[in-house]
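Below you'll find the structure, written out as structure tokens, and then a few comments.
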Number of protein chains: 2
Amino acid sequence: MQNPSTDLRVSDLPTPCLLLDRAILKRNLQAMSARMKRHGVTLRPHLKTAKSAAVARLAVEGEGGGITVSTLAEARYFAKNGFRDILYAVGIVPSRLDEIAALRAQGVDLKIITDSLDAARAVAAHGESLAVLIEIDSGAHRAGLDPADPLLIEIAQVLNRAPNISLLGVMTHAGHSYHCHSTQDVAAVAEAERLAAVTAAERLRAANIPCPVVSVGSTPTAVHARTLAGVSEMRPGVYMFNDLDQLALGSCGPNDLALSVLASVIGQYPHRNQVLIDAGALALSKDISAGEFMPDAGFGTIAGQHGLAVTDVNQEHGFVGAKTALPLDRLKIGAKLRVLPNHACITAAAYDRYHVVDSDLDGGETVVATWDRVNGW
Amino acid sequence: MQNPSTDLRVSDLPTPCLLLDRAILKRNLQAMSARMKRHGVTLRPHLKTAKSAAVARLAVEGEGGGITVSTLAEARYFAKNGFRDILYAVGIVPSRLDEIAALRAQGVDLKIITDSLDAARAVAAHGESLAVLIEIDSGAHRAGLDPADPLLIEIAQVLNRAPNISLLGVMTHAGHSYHCHSTQDVAAVAEAERLAAVTAAERLRAANIPCPVVSVGSTPTAVHARTLAGVSEMRPGVYMFNDLDQLALGSCGPNDLALSVLASVIGQYPHRNQVLIDAGALALSKDISAGEFMPDAGFGTIAGQHGLAVTDVNQEHGFVGAKTALPLDRLKIGAKLRVLPNHACITAAAYDRYHVVDSDLDGGETVVATWDRVNGW
């Protein structure tokens, strides 16, 4: 669904809708690609944020072509769009193995992950050809085995002995990088992420189990890692768009935010220094993660209007306020605002398409394309 | 998309997915319908929660047939599904009037609302036949005019004098009922909601402006209003499904929760008394509104497993914990749980369909139908 350039203007778009700035997107992609090349690490972009084939094609330009996904709906969608090397980076449940095997039978090298002996045994017993990574906990304490856990070798042996299974290696995600209060802290988490994965890989190799893949990844650690020695691939995702949370974390600068929600003013309430917009809890999400670092970020800040933010949301209403008097002459009924989201991955999931603009072309006034997205599971 | 009964079992469904219990739904609909009949008030159900034609058809059984919607996507969807009397209950922006008029030209009596003199003038000048209600603030301080505001008469006169405009009356939504800490408080908010609407209507009538419609509505106030004297219609929405927030508010009982998210255990972490499920921020939403009253509700509680809740979410991971030891034998990899959401309206919006079960038939073990939903704008 990539349209040729049309005369459609941003000001003509019905609201709320999702704007994606292609110029910023491309710069973000190039910066991450160059960073990983300097580290000598393969970039396996995570498409959980963009969920878009058009974005994915740009993200793998000059890379190995492999991608990461967070749902089987994404796996099916990207397979249909020609992607052949896909890592499904959420712990597998045995009931989904038939779907995985069916995609693999179509020529899609869909890899799965596990940290469970029960799941590994089910994978080994499934009978079809499957490719597996073992998930390691590098400190986020979400999923994964401690690199020193005896289960690591036990699971690896179950998988390695199974004739149809390719045990590819280990992977981890340092999700706790999202709660660091300085880039030094992020760098320390990046080192913990690297070390956990490399340690686990070395334990496997010491047990005579091959471990070609050592996969790590989060946007903050990808940006701030000082060394990725021993790591084979990196899986950041939100770097493509960035958001207020990444800005607050120091993963990007204020000019690197590619995604916004276009909204219209639907009410003016001067007596309480407030306007209402038609982007509420569904259009913005209830994610307020940037608030950990930016107390005034609310449910999103207003692009180009310093100090204005969405201070509260109901289902279809966003409350816009400021600590100083609102510029009500610029906020009349029907005026259009761009809301910068806290967390691009969560906000974008409410939409089935991007309206693509390009700030390098005409300041981003024209919709240059419409790109579809995949949602659901 | 209402399938005949199949042999599909809940245990066969891929997760995460949305389960809707038709038996509970029907009881919730009947209770609200009976309540409104006792009050002598027309029920105009709000479809912002269900967003489903199949649910809407059940909700208007024995009623006037009118419905309420929160987006123009809902208006188009319900129009396509045969609904002809639709109130679009979010303040209108003039740029959407052409769409409204186009639907009206197709025979859909689509009504709009405003609280703005600018918008009222644009409506009056639009030239097409339009039907309008004026929005009143009954204390929620979201949208609407104070019933004593001089603008009320001014806006009403602009609309009433315009030859193509039907000024139908006034409407309000007591959204602050969602923050009441007792049913007495809800009853007081219900009375404030009624009084604001009736006062505004009486001011219009005193100015010789007809005001046939006096529309109020929220689920808590619909349940706890002691009198609705002077009110013509009620627009509750979430009562169809209920959720933890409504349970906490006393709008329903624990057996009245019709909606849940089916999820699978994807990881076991006994050392931290935790399991992971495949329903995270996208599958459950980040809405934690019930937490205002139920501190342990987290991102949802686990149906039938007392004390278990989703304590945190990442995009596709939900962390399930409890204050006592988790029953890990019932939470093995692949085990299925039902998560009761904080806020049905927000959680349901991540899905394009309901898997319908019926606890009166076989305890809700069989999927008796699949009902579609409309999302987006």
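Within each chain, counting starts at residue 1; across the structure tokens, chains are named A, B, ... in the order shown, with ligands numbered 1 upward in that order.
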
May I ask you to extract the residues of chain B within 7 Å of chain A, using only C-alpha atoms, and to give them as a count of residues only?
22

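The shell of residues at most 6 Å from segment 297-304 of chain B, with only C-alpha atoms counted and near chain neighbours (fewer than 3 positions) removed, consists of Ile288, Gly291, Met294, Leu308, Ala309, Val310, Thr311, Arg338, Val339, Leu340, Pro341 and Asn342 of chain B.
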
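From atom CA of Leu228 of chain B back to atom CA of Val189 of chain B, the distance works out to 12.2 Å.
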
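Across the structure, atom CA of Tyr77 of chain A and atom CA of Ala344 of chain A are spaced 19.9 Å apart.
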
Can you tell me which residues surround His181 of chain B at a distance of at most 12 Å, considering only C-alpha atoms, apart from same-chain residues fewer than 4 positions away, and format the answer as a PyMOL selection string?
chain B and resi 176-177+185-189+220+245-251+290+292-294

Writer output for current selection, C-alpha atoms, as a PDB file, in the first residue's frame:
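out-v7.pdb written:
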```
ATOM      1  CA  HIS B 176     -16.666  11.916  37.131  1.00  0.00           C
ATOM      2  CA  SER B 177     -18.874   9.034  38.277  1.00  0.00           C
ATOM      3  CA  ASP B 185     -21.359   9.305  45.768  1.00  0.00           C
ATOM      4  CA  VAL B 186     -22.362   7.809  42.420  1.00  0.00           C
ATOM      5  CA  ALA B 187     -26.017   8.534  43.218  1.00  0.00           C
ATOM      6  CA  ALA B 188     -25.069  12.150  43.985  1.00  0.00           C
ATOM      7  CA  VAL B 189     -23.202  12.433  40.670  1.00  0.00           C
ATOM      8  CA  PRO B 220     -22.357   4.086  37.114  1.00  0.00           C
ATOM      9  CA  ASP B 245     -13.315  -0.721  37.245  1.00  0.00           C
ATOM     10  CA  GLN B 246     -17.114  -1.074  37.209  1.00  0.00           C
ATOM     11  CA  LEU B 247     -16.879  -3.867  39.767  1.00  0.00           C
ATOM     12  CA  ALA B 248     -14.850  -1.606  42.050  1.00  0.00           C
ATOM     13  CA  LEU B 249     -17.346   1.217  41.514  1.00  0.00           C
ATOM     14  CA  GLY B 250     -20.257  -1.036  42.494  1.00  0.00           C
ATOM     15  CA  SER B 251     -21.891  -0.908  39.041  1.00  0.00           C
ATOM     16  CA  ALA B 290      -9.376  -0.107  38.749  1.00  0.00           C
ATOM     17  CA  GLU B 292      -7.781   3.577  42.209  1.00  0.00           C
ATOM     18  CA  PHE B 293     -10.040   1.253  44.201  1.00  0.00           C
ATOM     19  CA  MET B 294      -8.443  -2.198  43.961  1.00  0.00           C
TER      20      MET B 294
END
```

May I ask for the distance between atom CA of Val356 of chain A and atom CA of Trp371 of chain A, given in Å to one decimal place?
7.1 Å

If you run DSSP on the backbone, which residues of segment 136-258 of chain B are strand (DSSP E), as number ranges by chain?
B: 136, 165-172, 213-216, 233-234
